[in-house]
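Chemist: This is upload.pdb, which holds PDB, C-alpha atoms:
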```
ATOM      1  CA  MET A   1     -67.155  74.966 -10.950
ATOM      2  CA  ALA A   2     -69.724  77.661 -10.262
ATOM      3  CA  VAL A   3     -69.504  79.587  -7.022
ATOM      4  CA  GLY A   4     -73.238  78.971  -6.514
ATOM      5  CA  ALA A   5     -72.629  75.211  -6.567
ATOM      6  CA  ALA A   6     -70.017  75.632  -3.856
ATOM      7  CA  ALA A   7     -72.679  76.984  -1.539
ATOM      8  CA  VAL A   8     -74.847  73.883  -1.836
ATOM      9  CA  GLY A   9     -73.000  71.665   0.707
ATOM     10  CA  LEU A  10     -75.526  69.674   2.701
ATOM     11  CA  LEU A  11     -73.866  70.487   6.014
ATOM     12  CA  THR A  12     -73.984  74.177   5.177
ATOM     13  CA  ALA A  13     -77.703  73.734   4.643
ATOM     14  CA  GLY A  14     -77.927  72.189   8.101
ATOM     15  CA  VAL A  15     -78.477  68.611   6.878
ATOM     16  CA  ALA A  16     -76.032  66.134   8.378
ATOM     17  CA  ALA A  17     -76.993  62.917   6.612
ATOM     18  CA  PRO A  18     -74.026  60.604   6.064
ATOM     19  CA  ALA A  19     -72.474  60.243   2.628
ATOM     20  CA  SER A  20     -72.510  56.908   0.852
ATOM     21  CA  GLY A  21     -70.620  54.399   2.974
ATOM     22  CA  GLN A  22     -70.660  56.545   6.112
ATOM     23  CA  GLU A  23     -72.549  55.708   9.272
ATOM     24  CA  SER A  24     -74.511  58.043  11.470
ATOM     25  CA  ALA A  25     -72.401  59.271  14.385
ATOM     26  CA  GLY A  26     -73.997  60.818  17.458
ATOM     27  CA  ARG A  27     -76.884  62.601  15.758
ATOM     28  CA  SER A  28     -78.886  63.202  18.923
ATOM     29  CA  VAL A  29     -76.339  65.231  20.844
ATOM     30  CA  ALA A  30     -77.482  67.237  23.798
ATOM     31  CA  VAL A  31     -76.049  70.589  22.710
ATOM     32  CA  ALA A  32     -76.919  72.213  26.019
ATOM     33  CA  ALA A  33     -74.898  69.566  27.865
ATOM     34  CA  ALA A  34     -71.960  70.170  25.520
ATOM     35  CA  ALA A  35     -72.104  73.896  26.222
ATOM     36  CA  LYS A  36     -72.306  73.275  29.965
ATOM     37  CA  ASP A  37     -69.411  70.779  29.968
ATOM     38  CA  ALA A  38     -67.098  72.850  27.750
ATOM     39  CA  ARG A  39     -65.084  75.522  29.490
ATOM     40  CA  GLN A  40     -62.171  77.497  28.065
ATOM     41  CA  ILE A  41     -58.832  76.542  29.574
ATOM     42  CA  GLY A  42     -58.181  79.166  32.221
ATOM     43  CA  THR A  43     -60.305  81.980  30.711
ATOM     44  CA  GLY A  44     -63.941  81.516  31.667
ATOM     45  CA  PRO A  45     -67.045  80.659  29.628
ATOM     46  CA  LEU A  46     -67.173  80.177  25.883
ATOM     47  CA  ALA A  47     -69.280  82.025  23.343
ATOM     48  CA  THR A  48     -71.845  79.876  21.550
ATOM     49  CA  VAL A  49     -73.110  79.759  17.965
ATOM     50  CA  GLY A  50     -76.241  77.742  17.315
ATOM     51  CA  GLY A  51     -75.844  76.261  20.804
ATOM     52  CA  VAL A  52     -72.293  75.050  20.048
ATOM     53  CA  PRO A  53     -69.465  76.357  22.238
ATOM     54  CA  VAL A  54     -66.775  78.305  20.375
ATOM     55  CA  SER A  55     -63.296  78.574  21.876
ATOM     56  CA  ALA A  56     -62.339  81.941  23.308
ATOM     57  CA  THR A  57     -59.071  81.496  21.373
ATOM     58  CA  ALA A  58     -60.792  80.922  17.994
ATOM     59  CA  ASP A  59     -59.500  83.369  15.386
ATOM     60  CA  SER A  60     -61.696  86.019  13.762
ATOM     61  CA  ALA A  61     -62.070  83.984  10.535
ATOM     62  CA  THR A  62     -63.381  80.988  12.517
ATOM     63  CA  ARG A  63     -65.842  83.206  14.368
ATOM     64  CA  ALA A  64     -67.023  84.775  11.096
ATOM     65  CA  ILE A  65     -67.603  81.355   9.494
ATOM     66  CA  ALA A  66     -69.486  80.190  12.592
ATOM     67  CA  GLN A  67     -71.679  83.314  12.655
ATOM     68  CA  ALA A  68     -72.416  83.050   8.919
ATOM     69  CA  SER A  69     -73.178  79.291   9.001
ATOM     70  CA  PRO A  70     -74.590  78.309  12.416
ATOM     71  CA  GLU A  71     -76.390  75.328  10.825
ATOM     72  CA  ALA A  72     -73.076  73.924   9.553
ATOM     73  CA  VAL A  73     -71.421  74.425  12.949
ATOM     74  CA  THR A  74     -74.302  72.620  14.667
ATOM     75  CA  ALA A  75     -74.366  69.763  12.129
ATOM     76  CA  THR A  76     -70.620  69.140  12.251
ATOM     77  CA  SER A  77     -70.566  69.418  16.039
ATOM     78  CA  ASN A  78     -73.318  66.788  16.230
ATOM     79  CA  LEU A  79     -71.170  64.449  14.130
ATOM     80  CA  CYS A  80     -68.309  64.792  16.618
ATOM     81  CA  GLY A  81     -70.530  64.172  19.658
ATOM     82  CA  SER A  82     -71.086  65.867  23.000
ATOM     83  CA  GLY A  83     -68.525  67.874  24.904
ATOM     84  CA  TYR A  84     -66.663  69.290  21.880
ATOM     85  CA  TYR A  85     -66.212  72.987  21.178
ATOM     86  CA  LEU A  86     -65.224  74.674  17.897
ATOM     87  CA  ILE A  87     -61.594  75.749  17.785
ATOM     88  CA  TYR A  88     -61.032  76.302  14.062
ATOM     89  CA  ALA A  89     -62.933  76.626  10.781
ATOM     90  CA  GLU A  90     -61.597  77.468   7.344
ATOM     91  CA  GLN A  91     -63.147  77.735   3.879
ATOM     92  CA  LEU A  92     -60.885  76.068   1.310
ATOM     93  CA  PRO A  93     -59.060  76.744  -0.932
ATOM     94  CA  THR A  94     -60.206  80.352  -0.319
ATOM     95  CA  PRO A  95     -63.401  81.953   1.022
ATOM     96  CA  GLU A  96     -64.098  83.243  -2.505
ATOM     97  CA  GLN A  97     -63.705  79.795  -4.122
ATOM     98  CA  ARG A  98     -65.081  77.656  -1.289
ATOM     99  CA  LEU A  99     -64.981  74.024  -2.407
ATOM    100  CA  GLY A 100     -64.809  72.686   1.144
ATOM    101  CA  THR A 101     -64.899  73.814   4.755
ATOM    102  CA  ILE A 102     -62.865  72.245   7.539
ATOM    103  CA  PHE A 103     -64.255  72.256  11.084
ATOM    104  CA  SER A 104     -61.963  71.324  13.983
ATOM    105  CA  TYR A 105     -63.300  70.641  17.477
ATOM    106  CA  ARG A 106     -61.688  69.752  20.816
ATOM    107  CA  LYS A 107     -62.831  68.697  24.262
ATOM    108  CA  ASN A 108     -61.730  70.818  27.177
ATOM    109  CA  VAL A 109     -60.804  68.022  29.552
ATOM    110  CA  ALA A 110     -57.616  65.957  29.556
ATOM    111  CA  PRO A 111     -56.589  64.377  27.245
ATOM    112  CA  TRP A 112     -58.269  67.096  25.113
ATOM    113  CA  ASN A 113     -59.725  64.781  22.472
ATOM    114  CA  ALA A 114     -59.927  66.317  19.001
ATOM    115  CA  CYS A 115     -62.412  65.809  16.156
ATOM    116  CA  ALA A 116     -62.490  67.145  12.587
ATOM    117  CA  ILE A 117     -65.021  67.206   9.726
ATOM    118  CA  PHE A 118     -64.275  68.195   6.115
ATOM    119  CA  ASP A 119     -67.463  69.505   4.453
ATOM    120  CA  ASN A 120     -67.788  69.118   0.667
ATOM    121  CA  ASN A 121     -69.322  72.354  -0.658
ATOM    122  CA  THR A 122     -69.103  71.482  -4.386
ATOM    123  CA  GLY A 123     -72.528  69.868  -4.792
ATOM    124  CA  SER A 124     -70.968  66.754  -6.358
ATOM    125  CA  ALA A 125     -68.961  63.742  -5.185
ATOM    126  CA  LYS A 126     -65.217  64.312  -4.864
ATOM    127  CA  TRP A 127     -62.361  62.145  -3.616
ATOM    128  CA  MET A 128     -61.575  63.479  -0.156
ATOM    129  CA  LYS A 129     -59.120  62.581   2.570
ATOM    130  CA  LEU A 130     -59.239  63.880   6.116
ATOM    131  CA  LYS A 131     -56.461  62.925   8.506
ATOM    132  CA  LEU A 132     -56.085  63.901  12.165
ATOM    133  CA  CYS A 133     -52.829  63.113  14.000
ATOM    134  CA  PRO A 134     -51.950  63.675  17.660
ATOM    135  CA  ASN A 135     -48.905  65.820  18.372
ATOM    136  CA  ALA A 136     -46.819  62.901  19.634
ATOM    137  CA  THR A 137     -44.079  60.775  18.111
ATOM    138  CA  GLY A 138     -45.354  57.389  16.956
ATOM    139  CA  ALA A 139     -49.006  58.280  17.636
ATOM    140  CA  THR A 140     -51.744  56.723  15.508
ATOM    141  CA  CYS A 141     -53.658  59.034  13.169
ATOM    142  CA  ASP A 142     -57.352  58.683  12.312
ATOM    143  CA  VAL A 143     -58.099  58.842   8.567
ATOM    144  CA  ASP A 144     -61.253  58.919   6.455
ATOM    145  CA  GLU A 145     -60.880  58.882   2.687
ATOM    146  CA  GLY A 146     -63.009  58.046  -0.306
ATOM    147  CA  LEU A 147     -65.531  59.473  -2.732
ATOM    148  CA  PHE A 148     -67.884  61.710  -0.725
ATOM    149  CA  SER A 149     -70.681  64.032  -1.808
ATOM    150  CA  GLN A 150     -71.252  65.539   1.654
ATOM    151  CA  TYR A 151     -68.276  65.282   4.015
ATOM    152  CA  ALA A 152     -65.252  63.298   5.123
ATOM    153  CA  GLY A 153     -65.011  62.384   8.797
ATOM    154  CA  PRO A 154     -65.533  62.618  11.558
ATOM    155  CA  VAL A 155     -61.996  61.694  12.517
ATOM    156  CA  ARG A 156     -61.021  61.671  16.194
ATOM    157  CA  VAL A 157     -57.887  61.337  18.294
ATOM    158  CA  ALA A 158     -57.206  61.297  22.011
ATOM    159  CA  ASP A 159     -54.543  63.726  23.195
ATOM    160  CA  GLY A 160     -55.755  66.204  20.595
ATOM    161  CA  MET A 161     -53.946  69.276  21.902
ATOM    162  CA  CYS A 162     -52.096  70.689  18.852
ATOM    163  CA  ALA A 163     -53.329  67.789  16.663
ATOM    164  CA  ARG A 164     -52.333  68.076  12.983
ATOM    165  CA  VAL A 165     -55.134  68.177  10.371
ATOM    166  CA  THR A 166     -54.706  67.251   6.696
ATOM    167  CA  ALA A 167     -57.567  67.977   4.265
ATOM    168  CA  LEU A 168     -57.253  66.852   0.624
ATOM    169  CA  MET A 169     -59.771  67.010  -2.234
ATOM    170  CA  LYS A 170     -59.479  65.898  -5.873
ATOM    171  CA  ASN A 171     -61.990  65.192  -8.623
ATOM    172  CA  SER A 172     -61.148  61.463  -8.394
ATOM    173  CA  SER A 173     -58.655  59.209  -6.615
ATOM    174  CA  SER A 174     -56.592  58.909  -9.817
ATOM    175  CA  SER A 175     -56.467  62.667 -10.443
ATOM    176  CA  THR A 176     -53.009  64.205 -10.052
ATOM    177  CA  THR A 177     -54.305  67.715  -9.328
ATOM    178  CA  TYR A 178     -55.561  68.657  -5.870
ATOM    179  CA  LEU A 179     -58.478  71.047  -5.586
ATOM    180  CA  ILE A 180     -57.620  71.373  -1.884
ATOM    181  CA  ASN A 181     -54.359  70.446  -0.175
ATOM    182  CA  ARG A 182     -54.239  71.918   3.337
ATOM    183  CA  GLN A 183     -52.305  70.871   6.461
ATOM    184  CA  PHE A 184     -52.374  72.787   9.745
ATOM    185  CA  SER A 185     -52.395  72.535  13.512
ATOM    186  CA  PRO A 186     -55.116  74.584  15.220
ATOM    187  CA  SER A 187     -54.218  76.773  18.145
ATOM    188  CA  CYS A 188     -52.710  74.909  21.070
ATOM    189  CA  ASN A 189     -54.361  77.238  23.600
TER     190      ASN A 189
END
```
Go ahead and render the structure in this file as structure tokens.
Modeler:
Amino acid sequence: MAVGAAAVGLLTAGVAAPASGQESAGRSVAVAAAAKDARQIGTGPLATVGGVPVSATADSATRAIAQASPEAVTATSNLCGSGYYLIYAEQLPTPEQRLGTIFSYRKNVAPWNACAIFDNNTGSAKWMKLKLCPNATGATCDVDEGLFSQYAGPVRVADGMCARVTALMKNSSSSTTYLINRQFSPSCN
């Protein structure tokens, strides 16, 4: 897979049209209202990228991805809806071989709802699975999986503080080799 093809993801280009079988979700979000409603827990106002609030606790890699791709941050934020702020972004499997980018968002009011989008940066349809699970025993996870050319998600959970994200990508559902296999919990701050 050519590195140039990895840079062709439609969300990275700022286009947030749904992939085959996906419905439009909150496309006309009032970004200014989201920025106004989102406040960092106990630390004052948030920075913004493309009008989207970014958590004061976001790591330097997340901030660098947001600064380099404000269109992608805006597009994925719009898919989640109003009131969410970016807490984590990661290019997978590595920044050098970016086949996908995960964006994780959270609301800053109890129960701190969480939302995630898994952007396909390959330029072709891949089998993808995105799973978001609350940090609670017996809690129900939200999952989106299938053959997607643009993105998997959005997936959302209530009580999203420390929610666990799983992002998987393969060439097809029957493939035994994962191009991406990443599980993590964004910062709980």
Chemist: Can you list, as a PDB file with C-alpha atoms, in the frame of the given file, the residues that the PyMOL selection byres ((chain A and resi 76) around 8) selects here?
Modeler:
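File written: out.pdb
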```
ATOM      1  CA  LEU A  11     -73.866  70.487   6.014  1.00  0.00           C
ATOM      2  CA  ALA A  16     -76.032  66.134   8.378  1.00  0.00           C
ATOM      3  CA  ALA A  72     -73.076  73.924   9.553  1.00  0.00           C
ATOM      4  CA  VAL A  73     -71.421  74.425  12.949  1.00  0.00           C
ATOM      5  CA  THR A  74     -74.302  72.620  14.667  1.00  0.00           C
ATOM      6  CA  ALA A  75     -74.366  69.763  12.129  1.00  0.00           C
ATOM      7  CA  SER A  77     -70.566  69.418  16.039  1.00  0.00           C
ATOM      8  CA  ASN A  78     -73.318  66.788  16.230  1.00  0.00           C
ATOM      9  CA  LEU A  79     -71.170  64.449  14.130  1.00  0.00           C
ATOM     10  CA  CYS A  80     -68.309  64.792  16.618  1.00  0.00           C
ATOM     11  CA  PHE A 103     -64.255  72.256  11.084  1.00  0.00           C
ATOM     12  CA  ILE A 117     -65.021  67.206   9.726  1.00  0.00           C
TER      13      ILE A 117
END
```
Chemist: Would you write out, as a PyMOL selection string, every residue that the PyMOL selection byres ((chain A and resi 172) around 8) captures in this file?
Modeler: chain A and resi 126-127+147+170-171+173-175
Chemist: Go ahead and write the residues just picked, C-alpha atoms, as a PDB file, in the coordinates of the input.
Modeler:
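As a result, out23.pdb now contains:
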```pdb
ATOM      1  CA  LYS A 126     -65.217  64.312  -4.864  1.00  0.00           C
ATOM      2  CA  TRP A 127     -62.361  62.145  -3.616  1.00  0.00           C
ATOM      3  CA  LEU A 147     -65.531  59.473  -2.732  1.00  0.00           C
ATOM      4  CA  LYS A 170     -59.479  65.898  -5.873  1.00  0.00           C
ATOM      5  CA  ASN A 171     -61.990  65.192  -8.623  1.00  0.00           C
ATOM      6  CA  SER A 173     -58.655  59.209  -6.615  1.00  0.00           C
ATOM      7  CA  SER A 174     -56.592  58.909  -9.817  1.00  0.00           C
ATOM      8  CA  SER A 175     -56.467  62.667 -10.443  1.00  0.00           C
TER       9      SER A 175
END
```
Chemist: For this structure, which residues satisfy the selection - the PyMOL selection byres ((chain A and resi 61) around 12) - when it is evaluated on the file as given? I want them as a list in words.
Modeler: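 On the file shown, the PyMOL selection byres ((chain A and resi 61) around 12) covers Thr57, Ala58, Asp59, Ser60, Thr62, Arg63, Ala64, Ile65, Ala66, Gln67, Ala68, Ile87, Tyr88, Ala89, Glu90, Gln91, Thr94, Pro95 and Phe103 of chain A.
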Chemist: Env of Ala125 in chain A: 10 Å cut, atoms = only C-alpha atoms, seq-sep filter 3 positions within chain, self excluded. Answer as a PDB file with C-alpha atoms, keeping the file's coordinate frame.
Modeler:
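The file below, around19.pdb, is the result:
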```
ATOM      1  CA  ALA A  19     -72.474  60.243   2.628  1.00  0.00           C
ATOM      2  CA  SER A  20     -72.510  56.908   0.852  1.00  0.00           C
ATOM      3  CA  ASN A 120     -67.788  69.118   0.667  1.00  0.00           C
ATOM      4  CA  ASN A 121     -69.322  72.354  -0.658  1.00  0.00           C
ATOM      5  CA  THR A 122     -69.103  71.482  -4.386  1.00  0.00           C
ATOM      6  CA  MET A 128     -61.575  63.479  -0.156  1.00  0.00           C
ATOM      7  CA  GLY A 146     -63.009  58.046  -0.306  1.00  0.00           C
ATOM      8  CA  LEU A 147     -65.531  59.473  -2.732  1.00  0.00           C
ATOM      9  CA  PHE A 148     -67.884  61.710  -0.725  1.00  0.00           C
ATOM     10  CA  SER A 149     -70.681  64.032  -1.808  1.00  0.00           C
ATOM     11  CA  GLN A 150     -71.252  65.539   1.654  1.00  0.00           C
ATOM     12  CA  TYR A 151     -68.276  65.282   4.015  1.00  0.00           C
ATOM     13  CA  LYS A 170     -59.479  65.898  -5.873  1.00  0.00           C
ATOM     14  CA  ASN A 171     -61.990  65.192  -8.623  1.00  0.00           C
ATOM     15  CA  SER A 172     -61.148  61.463  -8.394  1.00  0.00           C
TER      16      SER A 172
END
```
Chemist: Please indicate the distance in Å from CA of Leu92 in chain A to CA of Thr48 in chain A, rounded to one decimal place.
Modeler: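 We find that CA of Leu92 in chain A and CA of Thr48 in chain A lie 23.3 Å from each other.
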Chemist: Would you please work out which residue, of A:Gly160, A:Pro186, A:Gly123, A:Pro53, is nearest to Ala110 in chain A when using only C-alpha atoms?
Modeler: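 When distances to Ala110 in chain A are compared using only C-alpha atoms, the smallest one comes from A:Gly160.
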Chemist: For a quick check of understanding, using all atoms listed in the file, which of A:Asp142, A:Glu71, A:Glu96, A:Asp119 has the smallest distance to Leu168 in chain A?
Modeler: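 Looking at the shortest contact to Leu168 in chain A, the residue is A:Asp119.
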Chemist: Can you work out the spacing between CA of Phe184 in chain A and CA of Thr166 in chain A in Å, to one decimal?
Modeler: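 It comes out at 6.7 Å.
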Chemist: Can you give me all heavy atoms for range 116-127 of chain A, written as a compact mmCIF listing (two decimals), in the coordinates of the input?
Modeler:
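Listed below is the output, out_30.txt:
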```txt
# COMPACT_ATOMS: atom_id res chain seq x y z
N ALA A 116 -62.44 66.28 13.76
CA ALA A 116 -62.49 67.14 12.59
C ALA A 116 -63.48 66.59 11.57
O ALA A 116 -63.68 65.38 11.46
CB ALA A 116 -61.11 67.28 11.97
N ILE A 117 -64.09 67.51 10.82
CA ILE A 117 -65.02 67.21 9.73
C ILE A 117 -64.59 68.06 8.54
O ILE A 117 -64.27 69.24 8.70
CB ILE A 117 -66.48 67.59 10.09
CG1 ILE A 117 -66.93 66.97 11.40
CG2 ILE A 117 -67.43 67.27 8.94
CD1 ILE A 117 -67.21 65.51 11.36
N PHE A 118 -64.62 67.48 7.34
CA PHE A 118 -64.28 68.19 6.12
C PHE A 118 -65.52 68.21 5.24
O PHE A 118 -65.89 67.20 4.64
CB PHE A 118 -63.11 67.47 5.44
CG PHE A 118 -62.54 68.12 4.22
CD1 PHE A 118 -62.74 69.46 3.90
CD2 PHE A 118 -61.74 67.36 3.37
CE1 PHE A 118 -62.19 70.02 2.77
CE2 PHE A 118 -61.17 67.91 2.23
CZ PHE A 118 -61.39 69.25 1.93
N ASP A 119 -66.20 69.34 5.18
CA ASP A 119 -67.46 69.50 4.45
C ASP A 119 -67.19 69.71 2.97
O ASP A 119 -66.35 70.52 2.59
CB ASP A 119 -68.21 70.71 5.03
CG ASP A 119 -69.62 70.86 4.54
OD1 ASP A 119 -70.16 69.93 3.92
OD2 ASP A 119 -70.22 71.93 4.79
N ASN A 120 -67.88 68.97 2.12
CA ASN A 120 -67.79 69.12 0.67
C ASN A 120 -68.84 70.13 0.23
O ASN A 120 -70.03 69.89 0.32
CB ASN A 120 -68.03 67.77 -0.01
CG ASN A 120 -68.00 67.84 -1.53
OD1 ASN A 120 -68.02 68.91 -2.11
ND2 ASN A 120 -67.96 66.68 -2.16
N ASN A 121 -68.41 71.29 -0.25
CA ASN A 121 -69.32 72.35 -0.66
C ASN A 121 -69.49 72.44 -2.17
O ASN A 121 -70.02 73.43 -2.68
CB ASN A 121 -68.83 73.71 -0.14
CG ASN A 121 -68.65 73.75 1.35
OD1 ASN A 121 -67.61 74.19 1.83
ND2 ASN A 121 -69.62 73.30 2.11
N THR A 122 -69.07 71.42 -2.93
CA THR A 122 -69.10 71.48 -4.39
C THR A 122 -70.45 71.10 -4.97
O THR A 122 -70.73 71.43 -6.12
CB THR A 122 -68.04 70.57 -5.02
OG1 THR A 122 -68.38 69.20 -4.76
CG2 THR A 122 -66.65 70.89 -4.50
N GLY A 123 -71.26 70.34 -4.26
CA GLY A 123 -72.53 69.87 -4.79
C GLY A 123 -72.40 68.59 -5.58
O GLY A 123 -73.38 68.10 -6.14
N SER A 124 -71.18 68.03 -5.66
CA SER A 124 -70.97 66.75 -6.36
C SER A 124 -69.92 65.94 -5.62
O SER A 124 -69.14 66.47 -4.83
CB SER A 124 -70.53 66.99 -7.81
OG SER A 124 -69.28 67.65 -7.84
N ALA A 125 -69.90 64.63 -5.86
CA ALA A 125 -68.96 63.74 -5.18
C ALA A 125 -67.53 64.05 -5.62
O ALA A 125 -67.25 64.24 -6.80
CB ALA A 125 -69.31 62.29 -5.47
N LYS A 126 -66.65 64.10 -4.65
CA LYS A 126 -65.22 64.31 -4.86
C LYS A 126 -64.45 63.31 -4.01
O LYS A 126 -64.93 62.86 -2.97
CB LYS A 126 -64.78 65.73 -4.44
CG LYS A 126 -65.48 66.86 -5.16
CD LYS A 126 -65.09 66.92 -6.61
CE LYS A 126 -65.79 68.09 -7.30
NZ LYS A 126 -65.75 67.99 -8.73
N TRP A 127 -63.23 62.97 -4.46
CA TRP A 127 -62.36 62.14 -3.62
C TRP A 127 -61.82 63.07 -2.54
O TRP A 127 -61.31 64.17 -2.83
CB TRP A 127 -61.20 61.55 -4.42
CG TRP A 127 -60.29 60.73 -3.55
CD1 TRP A 127 -60.43 59.41 -3.25
CD2 TRP A 127 -59.14 61.19 -2.84
NE1 TRP A 127 -59.42 59.01 -2.40
CE2 TRP A 127 -58.61 60.09 -2.13
CE3 TRP A 127 -58.49 62.42 -2.73
CZ2 TRP A 127 -57.49 60.17 -1.33
CZ3 TRP A 127 -57.37 62.52 -1.92
CH2 TRP A 127 -56.88 61.40 -1.25
```
